[in-house]
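Asks: Have a look at the structure that comes next, please.
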Amino acid sequence: MQYLALIYDVEDRPQSPSEFEEMMGGYFAFNEHCKKEGSLLGGEALHPTATATTVRVRDGETLLTDGPFAETREALGGFYLLECRDLDHAVELAARIPGASTGCVEVRPIMVIPGDE
Amino acid sequence: MSVEGAIERLVRDESGRVLATLVRVTKDFGLAEEVVQEALTTAWTRWPDDGVPDNPRAWVIRTARNLAIDRIRRQQRFDDRTHVLEELARLRAPTSPEDAVSAYPDDRLRLLFTCCHPALAMPARVALTLRTVGGLTSDEIARAFLVPRATMQQRIVRAKKKIQGAGIPYAIPDPAHLDERLAGVLSVVYLIFNEGYAPTTGDEGLRVDLAEEAIHLARVLHQLRPDDREVTGLLALMLLHHARRHARFDAGDLVLLEDQDRGRWDAEAIEEGCRLAAAAVTGPPSPYGLQAAIAALHGSAADWEATDWPQIEQLYRLLRVQVPSPVVALNHAVAVAMAHGPSAGLALLDDLSGLDDHHLFHSARGALLMQASRPTEALEAYRRALDTVGVGPERRFIEQRIRTLST
């Protein structure tokens, strides 16, 4: 099964250079772990919500809003697409993502659309 | 045995077992439940005419299996389920009752771990466990928890959808996570028991016996993991509490342990509970084992005065280390009062925090203050207890105490 791990965290948490390095080291280690067991299908970090644009089409007109769809304290900051045996495996990987220790990680199964191979 | 009796026993004792096997083979909770239900319905209609088969369980497994094969063949699904069909075809129905127990002993355990998975909300875990492993109907569970039937059905349907959709495994957790997950299963079972033992809401006349359901589930776990001391401890603890059920109420009013007619305790259950408790406390202390040992000391005491309070006090002292909760500390304080006098207990109670909204804290203070001949403060404590207690027998008991102290 495929799962999307959505990483939510506070965007403007102050971080010393060494804390930043530790966090990045954690992400590199996570990537290595997943590559080794073959569970990493993809993943990216996102620019902060200050760069977000929300798009809606209403009556054929494209409407833009400056900012994210939902204003919350913890914002989506990145994601991984993971291939896992089951939810237990997905949870085990999600708990290894550094963001789970500072913010939280939402794990969502990818829907399989019949006939869409 | 009558046909009705045979079917009822089958539903009660076997439906969880049969369902567990079908879930394992089909990997489809919804399908498994449908075919088991239909097989049982078929039994209801056919057995009165045809007679009860020699091995009712084998009959139900075979019927459910054939229904599952039919349904999978009929479904136009895009994913390949050939392997499921092959496994269903291989599914050998047990030929004797002994065979049935030994054939797939772990299926129910898997089902329990699935139903009690931490990714499900607690109310969903409880409902699903009672529905699938306990074999209760949604209607019975709804009545037990005093929620509308539609709400309970929705809760169960949602939980099953999450299991299927989110990929909650149908498996016994790997050794690294087993203890942690088993603890989660035990807490679901204990929660079911407590809901039956001290109903938080409603009239017990309407309730399914949740306490007996919980004991049944613990027996299943104990059968599957006889050497686990926490499983043994929980089963012992529940048996010992449940053994006192007939003495706990008098015309609907609560009777305290010290005033209970011990002749009305279930001697057989106490004997079994004490035996299991002894097994549970060999080795390092564990939470359920310690609680079982405390319950066993109460259960084996001839009367309130003869209770081994010093030992109970020591067990609570150990339990406080294992379970650092204010409620355990409260019970410890009461045991200290019994072993060393009310003032010693009150001193410990005064150091406790976090229980201001807990009626048991104020009731315990009230009782110790009464023993210490401080009736004015006792009355005040019981008034605080009245402010925090729900409806039911416990409220009536506190009201009774207030009346006594006010005269």
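Numbering starts fresh at 1 for the residues of each chain in the structure tokens, the chains themselves are lettered A, B, ... in the order given, and ligands are numbered from 1 as they appear.
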What's the 7 Å shell around stretch 130-133 of chain B, counting only C-alpha atoms, without same-chain residues fewer than 5 positions away, as a VMD selection string?
Replies: chain B and resid 16 112 138
Asks: Keeping only C-alpha atoms, write the selected residues to a file as a PDB file, in the first residue's frame.
Replies:
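Wrote it out as part-v3.pdb, contents follow:
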ATOM      1  CA  GLY B  16     -15.933 -14.484  16.802  1.00  0.00           C
ATOM      2  CA  LEU B 112      -8.530  -8.666  18.763  1.00  0.00           C
ATOM      3  CA  SER B 138     -24.976  -3.554  17.234  1.00  0.00           C
TER       4      SER B 138
END
Asks: Give the residues of chain B that lie within 6 Å of chain A; count only C-alpha atoms, and format the answer as a PyMOL selection string.
Replies: chain B and resi 78+166-169
Asks: Just write the chosen residues, N, CA and C atoms, as a PDB file, in the first residue's frame.
Replies:
ATOM      1  N   PHE B  78     -11.528  -5.127  -9.936  1.00  0.00           N
ATOM      2  CA  PHE B  78     -10.377  -4.910 -10.793  1.00  0.00           C
ATOM      3  C   PHE B  78      -9.127  -5.572 -10.233  1.00  0.00           C
ATOM      4  N   ALA B 166      -7.353   2.215   5.629  1.00  0.00           N
ATOM      5  CA  ALA B 166      -6.064   2.698   6.124  1.00  0.00           C
ATOM      6  C   ALA B 166      -5.026   1.585   6.163  1.00  0.00           C
ATOM      7  N   GLY B 167      -5.463   0.350   5.903  1.00  0.00           N
ATOM      8  CA  GLY B 167      -4.503  -0.747   5.913  1.00  0.00           C
ATOM      9  C   GLY B 167      -4.078  -1.153   7.304  1.00  0.00           C
ATOM     10  N   ILE B 168      -5.012  -1.122   8.258  1.00  0.00           N
ATOM     11  CA  ILE B 168      -4.692  -1.626   9.601  1.00  0.00           C
ATOM     12  C   ILE B 168      -4.486  -3.133   9.472  1.00  0.00           C
ATOM     13  N   PRO B 169      -3.324  -3.628   9.902  1.00  0.00           N
ATOM     14  CA  PRO B 169      -3.013  -5.031   9.617  1.00  0.00           C
ATOM     15  C   PRO B 169      -3.879  -5.991  10.425  1.00  0.00           C
TER      16      PRO B 169
END
Asks: Smallest atom-to-atom distance to A:Thr53: which of A:Phe69, A:Phe79, A:Tyr8, A:Tyr27, using only C-alpha atoms?
Replies: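 Ranked by minimum distance to A:Thr53, first place goes to A:Phe69.
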Asks: When you look at B:Ala378 with a cut-off of 9 Å (counting only C-alpha atoms), what residues show up, excluding the ones that are within fewer than 2 positions of it in the same chain? I need them as a PyMOL selection string.
Replies: chain B and resi 362-363+365-370+373-376+380-383+402+405
Asks: For the structure I just gave you, how does DSSP split stretch 181-383 of chain B - specifically, which residues are helix (DSSP H, G or I)? Reply as a PyMOL selection string.
Replies: chain B and resi 181-197+204-206+210-224+229-242+245-247+257-259+262-264+267-280+287-300+309-322+326-340+342-350+359-371+375-383
Asks: Check the DSSP output for the backbone and give back, as a VMD selection string, the residues of chain A in strand (DSSP E or B).
Replies: chain A and resid 2 to 10 40 to 45 53 to 58 61 to 66 74 to 83 104 to 109
Asks: Just the residues within 8 Å of A:Phe30, please, counting only C-alpha atoms, with nothing from its chain fewer than 4 positions along; format it as an MDAnalysis selection string.
Replies: chainID A and resid 26 34 96:97
Asks: How would the residues just picked look written out with N, CA and C atoms as a PDB file, in the first residue's frame?
Replies:
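Output saved as selection.pdb:
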ATOM      1  N   GLY A  26      18.681  14.538  10.556  1.00  0.00           N
ATOM      2  CA  GLY A  26      17.591  13.602  10.812  1.00  0.00           C
ATOM      3  C   GLY A  26      16.862  13.243   9.521  1.00  0.00           C
ATOM      4  N   CYS A  34      14.774   4.798   4.404  1.00  0.00           N
ATOM      5  CA  CYS A  34      13.680   4.415   3.503  1.00  0.00           C
ATOM      6  C   CYS A  34      14.208   3.870   2.182  1.00  0.00           C
ATOM      7  N   ARG A  96       9.645   8.120  12.515  1.00  0.00           N
ATOM      8  CA  ARG A  96      11.067   8.404  12.301  1.00  0.00           C
ATOM      9  C   ARG A  96      11.292   9.763  11.638  1.00  0.00           C
ATOM     10  N   ILE A  97      10.237  10.373  11.094  1.00  0.00           N
ATOM     11  CA  ILE A  97      10.403  11.676  10.439  1.00  0.00           C
ATOM     12  C   ILE A  97      10.660  12.722  11.528  1.00  0.00           C
TER      13      ILE A  97
END
Asks: Find the residue from B:Arg264, B:Arg110, B:Arg17, B:His241 that sits nearest to B:Ala296; use only C-alpha atoms when measuring.
Replies: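 Looking at the shortest contact to B:Ala296, the residue is B:His241.
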Asks: Applying 10 Å and only C-alpha atoms, which residues near A:Leu64 remain after dropping the ones on its own chain fewer than 6 positions away? List them as a CSV table (one decimal) with N, CA and C atoms, in the first residue's frame.
Replies:
chain,number,residue,atom,x,y,z
A,53,THR,N,-0.5,30.3,-2.7
A,53,THR,CA,-1.6,30.9,-3.4
A,53,THR,C,-2.7,29.8,-3.5
A,54,THR,N,-3.9,30.2,-3.1
A,54,THR,CA,-5.0,29.3,-3.1
A,54,THR,C,-5.9,29.6,-4.4
A,55,VAL,N,-6.2,28.6,-5.1
A,55,VAL,CA,-6.9,28.8,-6.4
A,55,VAL,C,-8.3,28.2,-6.3
A,56,ARG,N,-9.3,28.9,-6.8
A,56,ARG,CA,-10.7,28.4,-6.9
A,56,ARG,C,-11.2,28.8,-8.2
A,57,VAL,N,-12.0,27.9,-8.9
A,57,VAL,CA,-12.7,28.3,-10.1
A,57,VAL,C,-14.2,28.3,-9.8
Asks: May I ask for the distance between atom CA of A:Met23 and atom CA of A:Ala50, given in Å to one decimal place?
Replies: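 Those two atoms sit 21.7 Å apart.
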Asks: In Å to one decimal, how far is atom CA of A:Tyr80 from atom CA of A:Gly42?
Replies: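 It comes out at 5.7 Å.
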Asks: Choose the residue, out of B:Leu360, B:Leu234, B:Ile294, B:Ala347, that has the smallest atom-to-atom separation from B:Asp387; count only C-alpha atoms.
Replies: B:Leu360
Asks: Skip B:Thr282 itself and residues of its chain fewer than 4 positions away, then list as a list in words all residues within 12 Å of it, counting only C-alpha atoms.
Replies: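 Close residues of B:Thr282: Asp227, Asp228, Arg229, Glu230, Thr232, Gly233, Arg275, Leu276, Ala277, Ala278, Ser286, Gly289, Leu290, Ala292 and Ala293 of chain B.
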Asks: Env of B:Leu318: 12 Å cut, atoms = only C-alpha atoms, seq-sep filter 2 positions within chain, self excluded. Answer as a count of residues only.
Replies: 25
Asks: Check the smallest atom-to-atom distance from each of B:Gly30, B:Pro226, B:Pro173, B:Gly5 to B:Ile156 using only C-alpha atoms, then report the winner.
Replies: B:Gly30
Asks: For A:Gly77, which of A:Glu61, A:Glu22, A:Glu106, A:Glu37 is the closest residue, counting only C-alpha atoms?
Replies: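 Closest residue, counting only C-alpha atoms: A:Glu106.
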